[in-house]
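Everything below concerns the one structure shown next.
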Amino acid sequence: MTVSFYAELLSNIQVLRATIATDESVETTSFTVKNNQLWQEDTVVVDLTRHGLQADPHSLQVQAKNDESNHGDRWIYQLKVNLQRQQQTTHSSSSVQLGNNDKEWWTAKDMIGLQWQQLQCRHCAQILVENKNNNLSRCKDLPSEHWYELVECWICHETKPEEHQARMRPILAQHGTLLVGSFYFLIHVNDLVPLSIKLDQELANQINWERGTMTKWISINCNTCGKVIGEGLYECQKDQELNMLALKLYKYCLTIQPNPPELPDFMNFVVGDMVDAAKVHATHRFVIQGKKSSRVYALVWLFNWDTTFIYNDGFKDEVDDMTGKIDFQRGMKILYMNTKDDDQLVKKWNHDKTTDHLIYPDTYCQQLVKSLESTTNILPPSLRTMNHPSMPMTKNFSVGFIHRK
Ligand SMILES: [Zn+2]
């Protein structure tokens with residue numbers, strides 16, 4: 001008999017809640033916890049020891065549930081078991097607080113340790129920056145993206161704010177220095193391999209140089225494969241030619257030579273962005289917006305920072321041969337809505353000051369939505385959407401998660 005399994009553990013309450021589906025009706029008493037394993041009759045559903053969890057075997061509660069979903073040929077059971085607080089283990093989530101030990105990727109220290117030689121386009125390996133003969137040996141971390149906001153906030157309480165403001169200048173790229181931001185490298189234009197990138201002309205044509213700042217950040221693409229690679233800081237010269245001064249290369253669009261031990265993907269940086277925004281703005285709501293199109297791809301509500309997900313492939317759609325193999329992931333539980341431009345809710349969120357906008361290249365916004373949808377697909381159908389009367393803001397939102405390392 002196949003047993004489909006999905007469970008969530010919220011770190012703040014040490015309770016594991018599981019949904020199980022079987023293809024035959026079974027007695028609720030056929031579920032037991034023995035040797036720290038959850039059994040259905042004589043089948044081990046999940047071995048909690050393997051995932052660093054310790055269950056209280058006497059706390060197991062099982063409830064049969066009428067399946068309201070379209071999996072009409074299956075029987076659904078809800079299980080709840082208390083967990084004992086864990087000592088520190090590799091999978092322990094008790095030490096995880098908001099962002100405190102979220103991994104930072106490719107810091108200045110990492111780059112120095114790696115003795116990096118090249119930054120390449122992740123798609124086509126075009127060399128973008130070379131550290132030949134250590135011409136870029138200086139390497140420094142930049143302050144957080146929210147640094148200016150924080151400083152401004154602090155200046156408001158000073159007696160002579162204008163003095164401080166005069167000293168505040170954007171951190172400009174320096175020739176011969178690799179400046180390292182949370183999700184990008186800031187590079188002086190003279191350190192770029194000539195002709196390795198090109199300006200997104202379509203976007204550049206839309207810019208009104210009469211308005212706003214003298215210099216503007218415009219998307220840039222890899223010159224070889226045409227994929228987005230970062231953004232360049234441009235000034236418009238008297239002859240209307242655009243002159244690049246500096247550029248940001250997004251870490252998730254790059255590989256480094258020699259290869260670093262880990263290759264973070266775009267979703268790893270989304271975690272960092274959300275954690276940062278939540279720390280500074282105390283927001284849990286995000287509008288995911290495309291850089292080029294300005295289209296809103298998704299509305300995201302951060303439901304829980306630190307959730308552990310334990311599941312097999314039993315609830316997935318379109319799985320022909322279920323393996324029953326248990327996966328274990330730590331992540332953020334997310335409520336999201338895949339949006340269309342005319343959506344009323346998008347307008348509402350757009351005008352709400354407690355909402356943060358996360359702006360990414362359009363192709364990465366699409367990747368984010370796909371990634372969330374693939375996690376929704378792991379959930380039992382009845383848990384895939386949030387429709388709780390106490391949460392009208394997220395009516396019909398989908399439930400998904402973002403993996404945290
Ligand atoms: Zn490329």
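Ordering of the structure tokens sets the chain letters (A, B, ...), residue numbers begin anew at 1 in every chain, and ligands are numbered from 1 in the order given.
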
Would you list the residues that come within 9 Å of ligand 1? Count only C-alpha atoms and all ligand atoms and give the answer as a VMD selection string. chain A and resid 120 to 127 196 to 197 221 to 229 253

Shell around A:Val26 at 12 Å using only C-alpha atoms, local window under 4 positions removed, as a PyMOL selection string: chain A and resi 1+3+20-22+30-31+40-41+62-65+74-77

Now that the selection is made, can you save its residues with N, CA and C atoms as a compact mmCIF listing (two decimals), in the first residue's frame?
```
# COMPACT_ATOMS: atom_id res chain seq x y z
N MET A 1 0.83 -1.19 0.00
CA MET A 1 0.00 0.00 0.00
C MET A 1 0.88 1.26 0.00
N VAL A 3 1.73 5.11 0.93
CA VAL A 3 1.37 6.09 1.95
C VAL A 3 1.96 7.44 1.53
N ILE A 20 -1.56 12.46 5.91
CA ILE A 20 -1.22 11.17 5.30
C ILE A 20 -2.38 10.72 4.44
N ALA A 21 -2.08 10.19 3.27
CA ALA A 21 -3.13 9.60 2.44
C ALA A 21 -2.80 8.15 2.15
N THR A 22 -3.80 7.31 2.24
CA THR A 22 -3.60 5.89 1.91
C THR A 22 -4.61 5.52 0.82
N SER A 30 -3.98 2.22 13.61
CA SER A 30 -2.87 1.53 12.93
C SER A 30 -1.65 2.43 12.81
N PHE A 31 -1.81 3.72 13.17
CA PHE A 31 -0.65 4.62 13.18
C PHE A 31 -0.02 4.60 14.57
N GLN A 40 2.73 2.99 9.91
CA GLN A 40 1.35 2.66 9.60
C GLN A 40 1.34 1.15 9.46
N GLU A 41 0.68 0.50 10.43
CA GLU A 41 0.71 -0.97 10.50
C GLU A 41 2.17 -1.43 10.56
N VAL A 62 -4.46 11.01 15.97
CA VAL A 62 -4.79 10.75 14.57
C VAL A 62 -6.27 10.99 14.35
N GLN A 63 -6.57 11.65 13.25
CA GLN A 63 -7.96 11.94 12.93
C GLN A 63 -8.20 11.59 11.47
N ALA A 64 -9.24 10.80 11.22
CA ALA A 64 -9.58 10.51 9.82
C ALA A 64 -10.33 11.70 9.26
N LYS A 65 -10.09 11.99 8.01
CA LYS A 65 -10.69 13.19 7.45
C LYS A 65 -11.36 12.83 6.14
N ARG A 74 -8.69 8.22 -2.29
CA ARG A 74 -7.74 8.08 -1.20
C ARG A 74 -8.37 8.46 0.14
N TRP A 75 -7.81 7.92 1.19
CA TRP A 75 -8.28 8.23 2.53
C TRP A 75 -7.25 9.12 3.21
N ILE A 76 -7.74 10.19 3.83
CA ILE A 76 -6.84 11.19 4.39
C ILE A 76 -6.88 11.14 5.92
N TYR A 77 -5.70 11.22 6.52
CA TYR A 77 -5.57 11.23 7.98
C TYR A 77 -4.71 12.42 8.40
```

Give me, as a PyMOL selection string, the residues of stretch 83-311 of chain A that a backbone DSSP run labels helix (DSSP H, G or I). chain A and resi 108-114+132-134+147-155+161-167+189-191+201-205+251-253+266-281

Can you list, as a VMD selection string, every protein, DNA or RNA residue that comes within 6 Å of A:Leu79 when you count only C-alpha atoms, leaving out same-chain residues fewer than 6 positions away? chain A and resid 17 to 18 61 to 62

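For the set A:Asp362, A:Asp321, A:Asp306, A:Glu235, the residue with the smallest atom-to-atom gap to A:Ile288 is A:Asp362, counting only C-alpha atoms.
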
Could you make a table, as CSV, of the residues of stretch 267-346 of chain A that have an atom within 10 Å of an atom of stretch 368-375 of chain A, each with its nearest atom pair and distance in Å to one decimal, counting only C-alpha atoms, in chain and number order?
```
residue,atom,partner,partner_atom,distance
A:Met267,CA,A:Leu368,CA,6.9
A:Val270,CA,A:Leu368,CA,8.5
A:Ile288,CA,A:Leu368,CA,8.8
A:Tyr297,CA,A:Val369,CA,7.3
A:Ala298,CA,A:Val369,CA,7.0
A:Leu299,CA,A:Val369,CA,9.9
A:Val300,CA,A:Val369,CA,10.0
A:Lys316,CA,A:Ser374,CA,9.2
A:Ile334,CA,A:Leu372,CA,8.3
A:Leu335,CA,A:Leu372,CA,9.3
A:Tyr336,CA,A:Leu372,CA,8.1
A:Met337,CA,A:Val369,CA,8.9
A:Asn338,CA,A:Val369,CA,6.9
A:Thr339,CA,A:Val369,CA,9.8
```

Include C-alpha atoms and write out the residues we just selected as an mmCIF file, in the first residue's frame.
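Here's the written file selection_10.cif:
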```
data_model
loop_
_atom_site.group_PDB
_atom_site.id
_atom_site.type_symbol
_atom_site.label_atom_id
_atom_site.label_comp_id
_atom_site.auth_asym_id
_atom_site.auth_seq_id
_atom_site.Cartn_x
_atom_site.Cartn_y
_atom_site.Cartn_z
ATOM 1 C CA MET A 267 16.161 31.751 -4.764
ATOM 2 C CA VAL A 270 15.496 36.066 -2.547
ATOM 3 C CA ILE A 288 7.509 40.804 -6.855
ATOM 4 C CA TYR A 297 4.426 38.729 -11.067
ATOM 5 C CA ALA A 298 3.385 37.775 -7.588
ATOM 6 C CA LEU A 299 2.175 39.019 -4.240
ATOM 7 C CA VAL A 300 3.990 37.279 -1.450
ATOM 8 C CA LYS A 316 2.601 15.399 -6.129
ATOM 9 C CA ILE A 334 5.008 31.614 1.888
ATOM 10 C CA LEU A 335 1.518 32.588 0.809
ATOM 11 C CA TYR A 336 1.536 33.888 -2.712
ATOM 12 C CA MET A 337 -0.638 34.876 -5.595
ATOM 13 C CA ASN A 338 0.427 34.605 -9.188
ATOM 14 C CA THR A 339 -0.933 37.870 -10.535
#
```

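The shell of residues at most 9 Å from A:Ile378, with only C-alpha atoms counted and near chain neighbours (fewer than 3 positions) removed, consists of Tyr6, Tyr311, Asn312, Asp313, Gly314, Phe315, Lys316, Asp317, Ser374, Thr375, Pro381, Arg384 and Gly400 of chain A.
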
Those same residues - C-alpha atoms - I'd like them written as an mmCIF file, in the first residue's frame.
```cif
data_model
loop_
_atom_site.group_PDB
_atom_site.id
_atom_site.type_symbol
_atom_site.label_atom_id
_atom_site.label_comp_id
_atom_site.auth_asym_id
_atom_site.auth_seq_id
_atom_site.Cartn_x
_atom_site.Cartn_y
_atom_site.Cartn_z
ATOM 1 C CA TYR A 6 3.480 15.643 4.135
ATOM 2 C CA TYR A 311 7.424 14.953 2.747
ATOM 3 C CA ASN A 312 7.475 12.240 0.152
ATOM 4 C CA ASP A 313 6.292 12.471 -3.448
ATOM 5 C CA GLY A 314 2.902 10.922 -2.678
ATOM 6 C CA PHE A 315 0.840 14.100 -3.037
ATOM 7 C CA LYS A 316 2.601 15.399 -6.129
ATOM 8 C CA ASP A 317 0.573 15.731 -9.287
ATOM 9 C CA SER A 374 6.681 23.549 -7.681
ATOM 10 C CA THR A 375 6.669 23.583 -3.868
ATOM 11 C CA PRO A 381 -4.441 19.345 -2.281
ATOM 12 C CA ARG A 384 -2.462 24.155 -1.282
ATOM 13 C CA GLY A 400 4.452 27.304 -0.972
#
```

Pick the closest to A:Glu210 from A:His403, A:Gln240, A:Thr308, A:Pro194: which is it, counting only C-alpha atoms? A:Gln240

Name the residues in contact with A:Leu178 at a cut-off of 7 Å, using only C-alpha atoms, excluding same-chain residues fewer than 6 positions from it; report them as a PyMOL selection string. chain A and resi 136+138-140+185-187

Write out as a PyMOL selection string which residues come within 10 Å of A:Gln84 when counting only C-alpha atoms, dropping same-chain ones fewer than 3 positions away. chain A and resi 14-15+53-56+81+87

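One finds atom CA of A:Glu202 at 16.3 Å from atom CA of A:Met244.
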
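Picture a line from atom CA of A:Val180 to atom CA of A:Gln366; it runs 26.0 Å.
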
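Our summary of the geometry notes that atom CA of A:Leu16 is positioned 6.3 Å from atom CA of A:Asn82.
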